[in-house]
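Data file: protein15.cif. Format and content: mmCIF, C-alpha atoms and all ligand atoms.
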data_upload
#
loop_
_atom_site.label_atom_id
_atom_site.label_comp_id
_atom_site.auth_asym_id
_atom_site.auth_seq_id
_atom_site.Cartn_x
_atom_site.Cartn_y
_atom_site.Cartn_z
CA MET A 1 19.17 -10.18 -11.05
CA GLY A 2 18.46 -6.54 -10.24
CA SER A 3 17.82 -5.51 -13.82
CA ALA A 4 15.85 -8.71 -14.63
CA SER A 5 13.60 -7.89 -11.72
CA VAL A 6 13.09 -4.29 -12.94
CA ILE A 7 12.26 -5.50 -16.46
CA ALA A 8 9.87 -8.17 -15.17
CA SER A 9 8.00 -5.65 -12.99
CA GLU A 10 7.82 -3.26 -15.92
CA LEU A 11 6.33 -6.05 -18.11
CA LEU A 12 3.75 -6.93 -15.47
CA ARG A 13 2.77 -3.30 -15.11
CA SER A 14 2.27 -2.74 -18.82
CA MET A 15 0.38 -6.04 -19.20
CA ALA A 16 -1.97 -4.97 -16.39
CA ARG A 17 -3.21 -1.92 -18.34
CA PRO A 18 -6.70 -2.59 -19.74
CA TYR A 19 -6.85 -3.29 -23.48
CA GLN A 20 -9.69 -2.20 -25.73
CA LEU A 21 -11.06 -4.90 -27.97
CA ALA A 22 -14.22 -4.25 -29.97
CA GLY A 23 -15.17 -1.57 -27.46
CA ILE A 24 -14.71 -3.86 -24.48
CA ASP A 25 -12.12 -3.31 -21.74
CA LEU A 26 -10.04 -6.45 -21.34
CA ASN A 27 -7.86 -7.00 -18.30
CA ILE A 28 -4.97 -9.35 -18.76
CA THR A 29 -2.64 -10.58 -16.04
CA ALA A 30 0.68 -12.28 -16.57
CA SER A 31 2.92 -14.66 -14.64
CA ILE A 32 6.66 -14.33 -15.12
CA GLY A 33 9.37 -16.88 -14.41
CA VAL A 34 13.01 -15.87 -14.58
CA ALA A 35 16.13 -17.99 -15.03
CA LEU A 36 19.55 -16.35 -15.08
CA TYR A 37 22.64 -17.10 -17.14
CA PRO A 38 25.04 -18.57 -16.12
CA SER A 39 23.98 -19.44 -12.55
CA ASP A 40 20.80 -21.35 -13.55
CA GLY A 41 22.10 -22.95 -16.74
CA ASP A 42 24.45 -22.46 -19.63
CA SER A 43 22.34 -23.54 -22.61
CA PHE A 44 19.17 -22.04 -24.00
CA GLU A 45 17.23 -25.32 -23.48
CA HIS A 46 18.32 -25.59 -19.86
CA LEU A 47 17.50 -21.96 -19.08
CA LEU A 48 14.11 -22.31 -20.74
CA LYS A 49 13.33 -25.40 -18.62
CA GLN A 50 14.29 -23.59 -15.39
CA ALA A 51 12.29 -20.51 -16.42
CA SER A 52 9.25 -22.74 -17.08
CA LEU A 53 9.53 -24.17 -13.57
CA ALA A 54 9.71 -20.62 -12.21
CA VAL A 55 6.66 -19.50 -14.22
CA LYS A 56 4.73 -22.54 -12.97
CA SER A 57 5.56 -21.51 -9.42
CA ALA A 58 4.45 -17.93 -10.25
CA LYS A 59 1.11 -19.26 -11.51
CA ASP A 60 0.66 -21.40 -8.41
CA ALA A 61 1.19 -18.26 -6.33
CA GLY A 62 -1.75 -16.60 -8.09
CA GLN A 63 -1.67 -14.27 -11.07
CA ASN A 64 0.48 -11.21 -11.53
CA ALA A 65 3.52 -12.71 -9.86
CA ILE A 66 7.23 -12.89 -10.67
CA ARG A 67 9.34 -15.85 -9.56
CA PHE A 68 13.05 -16.46 -9.93
CA PHE A 69 14.12 -20.06 -10.44
CA ASP A 70 15.56 -21.79 -7.41
CA ARG A 71 16.83 -25.34 -6.96
CA ALA A 72 13.96 -26.33 -4.64
CA MET A 73 11.55 -25.95 -7.59
CA ASP A 74 13.41 -28.67 -9.44
CA GLY A 75 13.19 -31.04 -6.44
CA GLN A 76 9.52 -30.31 -5.90
CA LEU A 77 8.68 -30.96 -9.54
CA HIS A 78 10.69 -34.17 -9.51
CA GLU A 79 8.75 -35.32 -6.44
CA GLU A 80 5.46 -34.46 -8.14
CA ILE A 81 6.39 -36.40 -11.26
CA LEU A 82 7.27 -39.46 -9.17
CA LEU A 83 3.96 -39.29 -7.31
CA ALA A 84 2.01 -38.65 -10.51
CA ASN A 85 3.56 -41.81 -12.00
CA ASP A 86 2.59 -43.85 -8.96
CA LEU A 87 -0.88 -42.36 -8.96
CA HIS A 88 -1.62 -43.89 -12.36
CA GLY A 89 -3.12 -47.25 -11.62
CA ALA A 90 -3.44 -46.68 -7.87
CA VAL A 91 -7.20 -47.18 -8.19
CA LEU A 92 -6.67 -50.48 -10.00
CA ARG A 93 -4.10 -51.57 -7.44
CA ASN A 94 -6.65 -50.80 -4.72
CA GLU A 95 -4.35 -48.42 -2.85
CA PHE A 96 -6.98 -45.93 -1.72
CA GLU A 97 -9.00 -46.09 1.44
CA ILE A 98 -11.98 -44.08 2.67
CA TYR A 99 -11.59 -42.61 6.15
CA LEU A 100 -14.62 -41.22 7.96
CA GLN A 101 -14.69 -38.30 10.37
CA PRO A 102 -17.82 -37.93 12.54
CA ILE A 103 -20.10 -34.89 12.23
CA LEU A 104 -22.17 -34.16 15.33
CA ASP A 105 -25.25 -32.18 16.19
CA MET A 106 -23.86 -29.12 18.00
CA ARG A 107 -26.54 -29.12 20.69
CA THR A 108 -26.92 -32.80 21.51
CA GLU A 109 -23.38 -33.82 20.46
CA ARG A 110 -24.87 -36.93 18.89
CA VAL A 111 -23.32 -38.19 15.68
CA ILE A 112 -25.46 -37.39 12.64
CA GLY A 113 -23.10 -38.47 9.90
CA ALA A 114 -19.54 -38.37 8.65
CA GLU A 115 -17.28 -36.82 6.05
CA ALA A 116 -15.44 -39.24 3.75
CA LEU A 117 -11.78 -38.26 3.41
CA ILE A 118 -9.63 -40.26 1.06
CA ARG A 119 -6.23 -41.71 2.00
CA TRP A 120 -3.65 -43.17 -0.35
CA ILE A 121 -1.88 -46.13 1.23
CA HIS A 122 1.28 -45.96 -0.85
CA PRO A 123 3.30 -49.23 -0.97
CA THR A 124 6.55 -47.55 0.14
CA ARG A 125 5.63 -44.07 1.41
CA GLY A 126 2.82 -45.21 3.72
CA VAL A 127 -0.23 -43.00 4.14
CA VAL A 128 -0.15 -40.04 1.73
CA SER A 129 -2.54 -37.24 2.64
CA PRO A 130 -5.04 -35.89 0.10
CA GLY A 131 -3.54 -32.42 0.54
CA ILE A 132 -0.51 -33.81 -1.35
CA PHE A 133 -1.99 -36.08 -4.00
CA ILE A 134 -5.36 -34.49 -4.82
CA PRO A 135 -3.72 -31.42 -6.45
CA ILE A 136 -1.58 -33.80 -8.56
CA ALA A 137 -4.64 -35.87 -9.44
CA GLU A 138 -6.36 -32.65 -10.52
CA LYS A 139 -3.45 -31.58 -12.72
CA THR A 140 -3.17 -34.97 -14.40
CA GLY A 141 -6.91 -35.51 -14.80
CA LEU A 142 -6.79 -38.66 -12.62
CA ILE A 143 -9.18 -36.93 -10.22
CA ILE A 144 -12.08 -38.02 -12.40
CA GLU A 145 -11.27 -41.69 -11.86
CA ILE A 146 -10.40 -41.22 -8.17
CA GLY A 147 -13.49 -39.07 -7.55
CA GLY A 148 -15.62 -41.73 -9.25
CA TRP A 149 -14.14 -44.35 -6.94
CA VAL A 150 -15.03 -42.23 -3.88
CA ILE A 151 -18.62 -41.83 -5.12
CA ASP A 152 -18.92 -45.58 -5.68
CA GLN A 153 -17.46 -46.49 -2.27
CA THR A 154 -19.62 -44.06 -0.30
CA CYS A 155 -22.79 -45.23 -2.07
CA ALA A 156 -21.85 -48.79 -1.15
CA ILE A 157 -21.32 -47.83 2.51
CA LEU A 158 -24.67 -46.00 2.69
CA THR A 159 -26.46 -49.00 1.20
CA ARG A 160 -24.79 -51.31 3.72
CA TRP A 161 -25.90 -49.00 6.55
CA ALA A 162 -29.47 -48.88 5.24
CA GLY A 163 -30.10 -52.33 6.75
CA ASP A 164 -28.84 -51.30 10.20
CA PRO A 165 -31.20 -49.30 12.43
CA GLY A 166 -28.21 -47.79 14.29
CA PHE A 167 -26.75 -46.39 11.09
CA ASN A 168 -29.52 -45.89 8.56
CA GLN A 169 -30.07 -42.22 9.47
CA LEU A 170 -26.42 -41.21 9.11
CA THR A 171 -25.40 -39.00 6.20
CA LEU A 172 -22.12 -39.24 4.32
CA ALA A 173 -20.43 -36.18 2.84
CA ILE A 174 -17.90 -36.46 0.03
CA ASN A 175 -15.54 -33.87 -1.38
CA ILE A 176 -15.98 -33.00 -5.01
CA SER A 177 -13.12 -31.41 -6.93
CA ALA A 178 -13.59 -28.36 -9.15
CA LYS A 179 -12.46 -30.57 -12.05
CA GLN A 180 -15.36 -33.00 -11.46
CA VAL A 181 -17.79 -30.10 -11.36
CA GLY A 182 -16.26 -28.53 -14.47
CA ARG A 183 -16.90 -31.58 -16.68
CA GLY A 184 -20.62 -31.04 -16.39
CA ASP A 185 -21.53 -34.76 -16.24
CA LEU A 186 -21.38 -35.17 -12.47
CA ASP A 187 -25.15 -35.63 -12.29
CA HIS A 188 -24.93 -38.64 -14.64
CA VAL A 189 -22.02 -40.17 -12.72
CA LEU A 190 -23.93 -39.80 -9.46
CA ALA A 191 -27.24 -41.01 -10.85
CA ARG A 192 -25.52 -44.16 -12.12
CA ALA A 193 -23.81 -44.88 -8.78
CA LEU A 194 -26.96 -44.21 -6.75
CA ALA A 195 -28.99 -46.53 -8.98
CA GLU A 196 -26.35 -49.24 -9.07
CA HIS A 197 -26.12 -49.43 -5.29
CA GLY A 198 -29.77 -48.62 -4.59
CA THR A 199 -28.64 -45.73 -2.38
CA GLN A 200 -31.04 -43.23 -0.85
CA PRO A 201 -29.83 -39.92 -2.37
CA ASN A 202 -30.72 -37.62 0.52
CA LEU A 203 -28.13 -39.35 2.71
CA LEU A 204 -25.34 -38.30 0.36
CA GLU A 205 -23.95 -34.78 0.60
CA LEU A 206 -21.55 -33.21 -1.88
CA GLU A 207 -19.00 -30.74 -0.53
CA ILE A 208 -17.71 -28.30 -3.10
CA THR A 209 -15.15 -25.72 -2.01
CA GLU A 210 -16.06 -22.09 -2.23
CA SER A 211 -13.02 -21.43 -4.41
CA ALA A 212 -14.24 -23.98 -7.01
CA LEU A 213 -17.44 -22.02 -7.48
CA ILE A 214 -16.32 -18.41 -7.50
CA ASN A 215 -14.65 -18.11 -10.89
CA GLU A 216 -17.52 -18.95 -13.18
CA PRO A 217 -20.55 -19.23 -10.93
CA GLU A 218 -23.05 -18.91 -13.79
CA GLN A 219 -21.93 -22.17 -15.38
CA PHE A 220 -22.51 -24.04 -12.10
CA VAL A 221 -26.05 -22.86 -11.42
CA ASP A 222 -27.48 -25.36 -13.89
CA LEU A 223 -25.38 -28.31 -12.81
CA LEU A 224 -26.08 -27.71 -9.13
CA ALA A 225 -29.81 -27.56 -9.90
CA ARG A 226 -29.56 -30.92 -11.71
CA LEU A 227 -27.68 -32.39 -8.74
CA ARG A 228 -30.38 -31.11 -6.42
CA ARG A 229 -33.02 -32.78 -8.55
CA LEU A 230 -31.26 -36.10 -7.98
CA GLY A 231 -32.07 -35.59 -4.32
CA VAL A 232 -28.49 -35.33 -3.03
CA ARG A 233 -27.56 -32.51 -0.65
CA LEU A 234 -25.05 -29.79 -1.40
CA ALA A 235 -22.63 -28.01 0.90
CA ILE A 236 -20.06 -25.29 0.29
CA ASP A 237 -16.75 -26.29 1.90
CA ASP A 238 -14.13 -23.96 3.39
CA PHE A 239 -16.67 -21.16 3.38
CA GLY A 240 -15.36 -17.70 4.23
CA THR A 241 -12.01 -17.98 2.46
CA GLY A 242 -13.03 -17.23 -1.11
CA TYR A 243 -14.92 -13.94 -1.38
CA SER A 244 -18.09 -15.57 -2.71
CA ASN A 245 -20.42 -13.63 -4.86
CA LEU A 246 -23.19 -13.65 -2.29
CA THR A 247 -25.96 -13.18 -4.82
CA TYR A 248 -25.13 -16.65 -6.13
CA LEU A 249 -25.53 -18.35 -2.77
CA GLN A 250 -29.27 -18.37 -3.18
CA ARG A 251 -29.18 -19.45 -6.81
CA PHE A 252 -26.81 -22.35 -6.02
CA MET A 253 -29.55 -23.82 -3.82
CA VAL A 254 -27.10 -25.43 -1.42
CA ASP A 255 -28.18 -26.86 1.93
CA LYS A 256 -25.18 -26.11 4.06
CA LEU A 257 -22.14 -23.90 4.59
CA LYS A 258 -19.06 -25.41 6.19
CA VAL A 259 -17.28 -22.64 8.06
CA ASP A 260 -13.58 -22.80 7.28
CA GLN A 261 -11.27 -24.21 9.95
CA SER A 262 -9.17 -21.04 10.04
CA PHE A 263 -12.06 -19.15 11.69
CA VAL A 264 -12.92 -21.99 14.07
CA ARG A 265 -9.49 -22.89 15.40
CA ASP A 266 -8.97 -20.06 17.89
CA LEU A 267 -12.55 -18.88 17.96
CA ALA A 268 -12.81 -18.57 21.73
CA LEU A 269 -9.73 -16.31 21.85
CA ASN A 270 -10.09 -14.28 18.68
CA PRO A 271 -13.03 -11.84 18.53
CA GLN A 272 -12.46 -11.18 14.81
CA ASN A 273 -12.94 -14.84 13.97
CA ALA A 274 -16.00 -14.98 16.21
CA ALA A 275 -17.44 -12.02 14.28
CA ILE A 276 -16.86 -13.78 10.96
CA VAL A 277 -18.47 -17.02 12.17
CA GLN A 278 -21.41 -15.03 13.51
CA ALA A 279 -21.86 -13.24 10.17
CA VAL A 280 -21.74 -16.55 8.26
CA VAL A 281 -24.26 -18.18 10.61
CA GLN A 282 -26.63 -15.21 10.40
CA MET A 283 -26.48 -15.20 6.63
CA ALA A 284 -27.05 -18.96 6.55
CA VAL A 285 -30.07 -18.64 8.83
CA SER A 286 -31.64 -15.96 6.66
CA LEU A 287 -31.10 -18.10 3.55
CA GLY A 288 -32.43 -21.20 5.30
CA LEU A 289 -29.07 -23.03 5.27
CA LYS A 290 -27.41 -25.19 7.91
CA THR A 291 -23.87 -24.51 9.14
CA THR A 292 -21.13 -26.92 10.14
CA ALA A 293 -17.98 -25.79 11.92
CA GLU A 294 -14.96 -27.91 11.08
CA GLY A 295 -11.58 -28.04 12.78
CA ILE A 296 -12.87 -28.01 16.37
CA GLU A 297 -9.92 -28.95 18.55
CA THR A 298 -10.44 -27.44 21.98
CA THR A 299 -13.12 -28.02 24.62
CA GLU A 300 -14.15 -24.33 24.80
CA THR A 301 -14.96 -24.09 21.10
CA PRO A 302 -18.29 -25.98 20.93
CA GLN A 303 -19.71 -23.74 23.65
CA ALA A 304 -18.73 -20.61 21.72
CA LEU A 305 -20.15 -22.07 18.49
CA ARG A 306 -23.44 -22.98 20.16
CA ALA A 307 -23.74 -19.41 21.38
CA LEU A 308 -23.29 -18.20 17.79
CA GLY A 309 -26.02 -20.56 16.56
CA CYS A 310 -23.90 -22.98 14.54
CA ASP A 311 -25.70 -26.30 13.86
CA GLN A 312 -23.09 -29.02 13.42
CA ALA A 313 -19.63 -29.84 14.73
CA GLN A 314 -16.61 -31.66 13.34
CA GLY A 315 -13.01 -31.82 14.53
CA TYR A 316 -10.23 -33.66 16.30
CA LEU A 317 -11.88 -32.85 19.67
CA PHE A 318 -14.48 -35.49 18.83
CA SER A 319 -12.43 -37.70 16.55
CA PRO A 320 -9.93 -37.60 13.69
CA PRO A 321 -10.88 -39.29 10.42
CA MET A 322 -10.62 -43.09 10.83
CA PRO A 323 -11.04 -46.23 8.73
CA VAL A 324 -14.67 -47.23 8.12
CA ASP A 325 -14.57 -50.18 10.57
CA SER A 326 -13.18 -47.97 13.34
CA PHE A 327 -15.80 -45.32 12.61
CA GLN A 328 -18.54 -47.93 12.94
CA ALA A 329 -17.15 -49.10 16.28
CA TRP A 330 -16.76 -45.48 17.44
CA ALA A 331 -20.29 -44.55 16.37
CA GLN A 332 -21.74 -47.64 18.01
CA GLY A 333 -20.18 -46.46 21.28
CA ALA A 334 -21.33 -42.88 20.71
CA LEU A 335 -24.85 -43.91 19.70
CA ALA A 336 -25.28 -46.41 22.54
P1 LIG A 401 -11.69 -30.64 3.76
O1 LIG A 401 -12.76 -31.25 2.95
O2 LIG A 401 -11.89 -29.24 4.20
O3 LIG A 401 -11.51 -31.62 4.99
C1 LIG A 401 -11.15 -31.23 6.27
C2 LIG A 401 -9.70 -31.52 6.57
O4 LIG A 401 -9.41 -31.09 7.89
C3 LIG A 401 -9.35 -33.00 6.54
O5 LIG A 401 -7.99 -33.10 6.12
C4 LIG A 401 -9.47 -33.38 8.02
O6 LIG A 401 -8.71 -34.52 8.37
C5 LIG A 401 -8.91 -32.15 8.66
N1 LIG A 401 -9.41 -31.95 10.02
C6 LIG A 401 -10.57 -32.39 10.57
N2 LIG A 401 -10.69 -31.99 11.85
C7 LIG A 401 -9.59 -31.26 12.12
C8 LIG A 401 -9.12 -30.56 13.30
O7 LIG A 401 -9.77 -30.53 14.34
N3 LIG A 401 -7.93 -29.92 13.19
C9 LIG A 401 -7.20 -29.93 12.03
N4 LIG A 401 -6.04 -29.27 12.02
N5 LIG A 401 -7.60 -30.58 10.91
C10 LIG A 401 -8.78 -31.23 10.96
P2 LIG A 401 -7.54 -34.20 5.08
O8 LIG A 401 -8.26 -35.49 5.34
O9 LIG A 401 -6.06 -34.20 5.05
O10 LIG A 401 -8.11 -33.62 3.72
C11 LIG A 401 -7.62 -32.41 3.21
C12 LIG A 401 -8.42 -31.92 2.04
O11 LIG A 401 -8.28 -32.83 0.93
C13 LIG A 401 -9.93 -31.88 2.31
O12 LIG A 401 -10.27 -30.70 2.98
C14 LIG A 401 -10.48 -31.95 0.90
O13 LIG A 401 -10.48 -30.68 0.31
C15 LIG A 401 -9.46 -32.81 0.19
N6 LIG A 401 -10.00 -34.18 0.06
C16 LIG A 401 -10.05 -35.19 0.96
N7 LIG A 401 -10.65 -36.29 0.44
C17 LIG A 401 -11.02 -35.95 -0.82
C18 LIG A 401 -11.71 -36.63 -1.88
O14 LIG A 401 -12.15 -37.77 -1.76
N8 LIG A 401 -11.90 -35.94 -3.05
C19 LIG A 401 -11.46 -34.65 -3.21
N9 LIG A 401 -11.68 -34.03 -4.39
N10 LIG A 401 -10.83 -33.97 -2.24
C20 LIG A 401 -10.61 -34.61 -1.06
MG MG A 402 -14.70 -31.30 3.02
MG MG A 403 -13.09 -27.86 4.66
#
Is it possible to express this structure as structure tokens?
Ligand code: C2E
Ligand code: MG
Ligand code: MG
Amino acid sequence: MGSASVIASELLRSMARPYQLAGIDLNITASIGVALYPSDGDSFEHLLKQASLAVKSAKDAGQNAIRFFDRAMDGQLHEEILLANDLHGAVLRNEFEIYLQPILDMRTERVIGAEALIRWIHPTRGVVSPGIFIPIAEKTGLIIEIGGWVIDQTCAILTRWAGDPGFNQLTLAINISAKQVGRGDLDHVLARALAEHGTQPNLLELEITESALINEPEQFVDLLARLRRLGVRLAIDDFGTGYSNLTYLQRFMVDKLKVDQSFVRDLALNPQNAAIVQAVVQMAVSLGLKTTAEGIETTETPQALRALGCDQAQGYLFSPPMPVDSFQAWAQGALA
């Protein structure tokens, strides 16, 4: 293992040197997976399979990484394959459900809307969280179908609420995967759903994670502008974790930044996190954007966030995500 590790590091190092191609400096990174004979397998095919699992794990860890095969990788992949199989057809079998988590005005603590968070009610596993199945849906391409279902459901909910004076001002935010953005036809998908349900577009907000936008921001400027023209609102989710190219923030023309939970969680105790939240809020103010803090769990946090000038609040302190009926009952109580 010692010498394999030395060779792998050596390979990574030489790959990392810039290459000249037609006068341009190219930087290439590599991911290396290692399987060892005889402990990981005794045939070429078997070793190759284990090494592929290891390289997949190296890629998942980011670029420029080396991973040695271990048995857990096999189990994890097996689990993923089982879930991926079940995921096919889960839309048709009606196994998904929209949960809603309230978003409140930070000052008045009145509910102003909700975030739609999908749940998979698996026939034998029970509730599977999106943190588990969304990455699989992204890898298999099923996210397009699942994401389309979420868009359709939320438009239907908004249209239902339009007839109810207690609910017709509430906004609904949905999470959009990088894969949905990358296809470039999201504006058409949305336009169709909005028209079909007769939904007022400015009540629908699209949350796109910061990490989905940072790699090729230029290609998103156009799409985001087309989405804006539809009249829907745009928010950057998990803001603060992805080293955004700040010059793009203005060109993206988003309405809102959602401050990542990791900065909010122990805000009152951690001056570094408070400084980050303050910087995000100040930048948002100067760009004319709203801010939402998510992941508020403790009673001291809203006070600290108000002092920093944050606009909206979301977190278990107010309510966890809940089925649509429960949200409506909850909001009726909160709005009364
Ligand atoms: P997100 O969009 O950042 O959503 C916030 C997550 O934090 C949700 O987890 C929510 O339940 C959780 N959360 C809310 N308040 C608190 C709190 O006070 N403390 C803690 N510890 N957690 C809190 P959830 O529902 O498991 O969703 C996880 C992620 O899955 C979401 O992160 C989002 O990126 C993704 N996701 C959820 N639904 C969809 C969907 O319909 N489409 C896509 N593409 N992604 C989705
Ligand atoms: Mg979100
Ligand atoms: Mg988030």
Next item on the list: Give the residues close to ligand MG 403 (chain A), within 7 Å, counting only C-alpha atoms and all ligand atoms; write them as JSON, numbers by chain.
Entry: {"A": [237, 238, 258, 260, 261, 294]}
Sorted by chain and rising residue number, list the residues of chain A at most 9 Å from ligand LIG 401 (chain A) (counting only C-alpha atoms and all ligand atoms), each with its closest atom pair and distance in Å to one decimal, as JSON lines.
{"residue": "A:Ile98", "atom": "CA", "partner": "A:LIG401", "partner_atom": "O14", "distance": 7.7}
{"residue": "A:Tyr99", "atom": "CA", "partner": "A:LIG401", "partner_atom": "O8", "distance": 7.9}
{"residue": "A:Leu100", "atom": "CA", "partner": "A:LIG401", "partner_atom": "O6", "distance": 8.9}
{"residue": "A:Gln101", "atom": "CA", "partner": "A:LIG401", "partner_atom": "C6", "distance": 7.2}
{"residue": "A:Glu115", "atom": "CA", "partner": "A:LIG401", "partner_atom": "O1", "distance": 7.8}
{"residue": "A:Ala116", "atom": "CA", "partner": "A:LIG401", "partner_atom": "N7", "distance": 6.5}
{"residue": "A:Leu117", "atom": "CA", "partner": "A:LIG401", "partner_atom": "N7", "distance": 3.7}
{"residue": "A:Ile118", "atom": "CA", "partner": "A:LIG401", "partner_atom": "N7", "distance": 4.1}
{"residue": "A:Arg119", "atom": "CA", "partner": "A:LIG401", "partner_atom": "N7", "distance": 7.2}
{"residue": "A:Val128", "atom": "CA", "partner": "A:LIG401", "partner_atom": "O9", "distance": 8.9}
{"residue": "A:Ser129", "atom": "CA", "partner": "A:LIG401", "partner_atom": "O9", "distance": 5.2}
{"residue": "A:Pro130", "atom": "CA", "partner": "A:LIG401", "partner_atom": "O11", "distance": 4.5}
{"residue": "A:Gly131", "atom": "CA", "partner": "A:LIG401", "partner_atom": "O11", "distance": 4.8}
{"residue": "A:Ile132", "atom": "CA", "partner": "A:LIG401", "partner_atom": "O11", "distance": 8.2}
{"residue": "A:Phe133", "atom": "CA", "partner": "A:LIG401", "partner_atom": "O11", "distance": 8.6}
{"residue": "A:Ile134", "atom": "CA", "partner": "A:LIG401", "partner_atom": "N10", "distance": 6.1}
{"residue": "A:Pro135", "atom": "CA", "partner": "A:LIG401", "partner_atom": "N9", "distance": 8.6}
{"residue": "A:Ala137", "atom": "CA", "partner": "A:LIG401", "partner_atom": "N9", "distance": 8.9}
{"residue": "A:Glu138", "atom": "CA", "partner": "A:LIG401", "partner_atom": "N9", "distance": 8.2}
{"residue": "A:Ile143", "atom": "CA", "partner": "A:LIG401", "partner_atom": "N9", "distance": 7.0}
{"residue": "A:Ile144", "atom": "CA", "partner": "A:LIG401", "partner_atom": "N9", "distance": 9.0}
{"residue": "A:Ile146", "atom": "CA", "partner": "A:LIG401", "partner_atom": "O14", "distance": 7.5}
{"residue": "A:Gly147", "atom": "CA", "partner": "A:LIG401", "partner_atom": "N8", "distance": 5.7}
{"residue": "A:Trp149", "atom": "CA", "partner": "A:LIG401", "partner_atom": "O14", "distance": 8.6}
{"residue": "A:Val150", "atom": "CA", "partner": "A:LIG401", "partner_atom": "O14", "distance": 5.7}
{"residue": "A:Ile151", "atom": "CA", "partner": "A:LIG401", "partner_atom": "O14", "distance": 8.3}
{"residue": "A:Ile174", "atom": "CA", "partner": "A:LIG401", "partner_atom": "O14", "distance": 6.2}
{"residue": "A:Asn175", "atom": "CA", "partner": "A:LIG401", "partner_atom": "N8", "distance": 4.5}
{"residue": "A:Ile176", "atom": "CA", "partner": "A:LIG401", "partner_atom": "N9", "distance": 4.5}
{"residue": "A:Ser177", "atom": "CA", "partner": "A:LIG401", "partner_atom": "N9", "distance": 3.9}
{"residue": "A:Ala178", "atom": "CA", "partner": "A:LIG401", "partner_atom": "N9", "distance": 7.6}
{"residue": "A:Lys179", "atom": "CA", "partner": "A:LIG401", "partner_atom": "N9", "distance": 8.4}
{"residue": "A:Gln180", "atom": "CA", "partner": "A:LIG401", "partner_atom": "N9", "distance": 8.0}
{"residue": "A:Glu207", "atom": "CA", "partner": "A:LIG401", "partner_atom": "O1", "distance": 7.2}
{"residue": "A:Ile208", "atom": "CA", "partner": "A:LIG401", "partner_atom": "O13", "distance": 8.3}
{"residue": "A:Thr209", "atom": "CA", "partner": "A:LIG401", "partner_atom": "O13", "distance": 7.2}
{"residue": "A:Asp237", "atom": "CA", "partner": "A:LIG401", "partner_atom": "O2", "distance": 6.1}
{"residue": "A:Asp238", "atom": "CA", "partner": "A:LIG401", "partner_atom": "O2", "distance": 5.8}
{"residue": "A:Lys258", "atom": "CA", "partner": "A:LIG401", "partner_atom": "O2", "distance": 8.4}
{"residue": "A:Asp260", "atom": "CA", "partner": "A:LIG401", "partner_atom": "O2", "distance": 7.3}
{"residue": "A:Gln261", "atom": "CA", "partner": "A:LIG401", "partner_atom": "C9", "distance": 7.3}
{"residue": "A:Arg265", "atom": "CA", "partner": "A:LIG401", "partner_atom": "N3", "distance": 7.5}
{"residue": "A:Glu294", "atom": "CA", "partner": "A:LIG401", "partner_atom": "N2", "distance": 6.0}
{"residue": "A:Gly295", "atom": "CA", "partner": "A:LIG401", "partner_atom": "O7", "distance": 3.5}
{"residue": "A:Ile296", "atom": "CA", "partner": "A:LIG401", "partner_atom": "O7", "distance": 4.5}
{"residue": "A:Glu297", "atom": "CA", "partner": "A:LIG401", "partner_atom": "O7", "distance": 4.5}
{"residue": "A:Thr298", "atom": "CA", "partner": "A:LIG401", "partner_atom": "O7", "distance": 8.3}
{"residue": "A:Gln314", "atom": "CA", "partner": "A:LIG401", "partner_atom": "N2", "distance": 6.1}
{"residue": "A:Gly315", "atom": "CA", "partner": "A:LIG401", "partner_atom": "O7", "distance": 3.5}
{"residue": "A:Tyr316", "atom": "CA", "partner": "A:LIG401", "partner_atom": "O7", "distance": 3.7}
{"residue": "A:Leu317", "atom": "CA", "partner": "A:LIG401", "partner_atom": "O7", "distance": 6.2}
{"residue": "A:Phe318", "atom": "CA", "partner": "A:LIG401", "partner_atom": "O7", "distance": 8.2}
{"residue": "A:Ser319", "atom": "CA", "partner": "A:LIG401", "partner_atom": "N2", "distance": 7.6}
{"residue": "A:Pro320", "atom": "CA", "partner": "A:LIG401", "partner_atom": "N2", "distance": 6.0}
{"residue": "A:Pro321", "atom": "CA", "partner": "A:LIG401", "partner_atom": "O6", "distance": 5.6}
Next item on the list: Might you pull out every residue within 10 Å of A:Leu230, with all atoms listed in the file counted and same-chain residues fewer than 6 positions away left off, and present them as a PyMOL selection string?
Entry: chain A and resi 187-188+190-191+194+201-202+224
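With distances restricted to all atoms listed in the file, A:Pro217 is the closest residue to A:Arg251 from A:Gly141, A:Gln282, A:Pro217, A:Leu267.
In terms of minimum interatomic distance to A:Asn273, A:Ala304 ranks closest within A:Leu158, A:Ala304, A:Leu204, A:Ala58, counting all atoms listed in the file.
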Item checked: Residues near A:Ala61, cut-off 12 Å, all atoms listed in the file, skip fewer than 5 positions along chain, as a PyMOL selection string -> chain A and resi 30-33+54-56+66-67
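Using all atoms listed in the file, the nearest neighbour of ligand MG 402 (chain A) within the list A:Ala114, A:Leu223, A:Val324, A:Leu203 is A:Ala114.
Counting all atoms listed in the file, the residue from A:Lys256, A:Lys49, A:Arg125, A:His197 that sits nearest to ligand MG 402 (chain A) is A:Lys256.
The space separating atom CA of A:Leu305 from atom CA of A:Gln278 comes to 8.7 Å.
Closest approach to ligand MG 402 (chain A) among A:Leu206, A:Ala35, A:Leu170, A:Met253 is made by A:Leu206 (distances from all atoms listed in the file).
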Item checked: Close residues, A:Ser57 itself excluded, 12 Å, all atoms listed in the file, min 5 positions apart in chain, as JSON, numbers by chain -> {"A": [31, 32, 33, 34, 50, 51, 52, 62, 63, 64, 65, 66, 67, 68, 69, 70, 72, 73, 74, 76, 77]}
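One finds atom CA of A:Glu145 at 26.6 Å from atom CA of A:Leu257.
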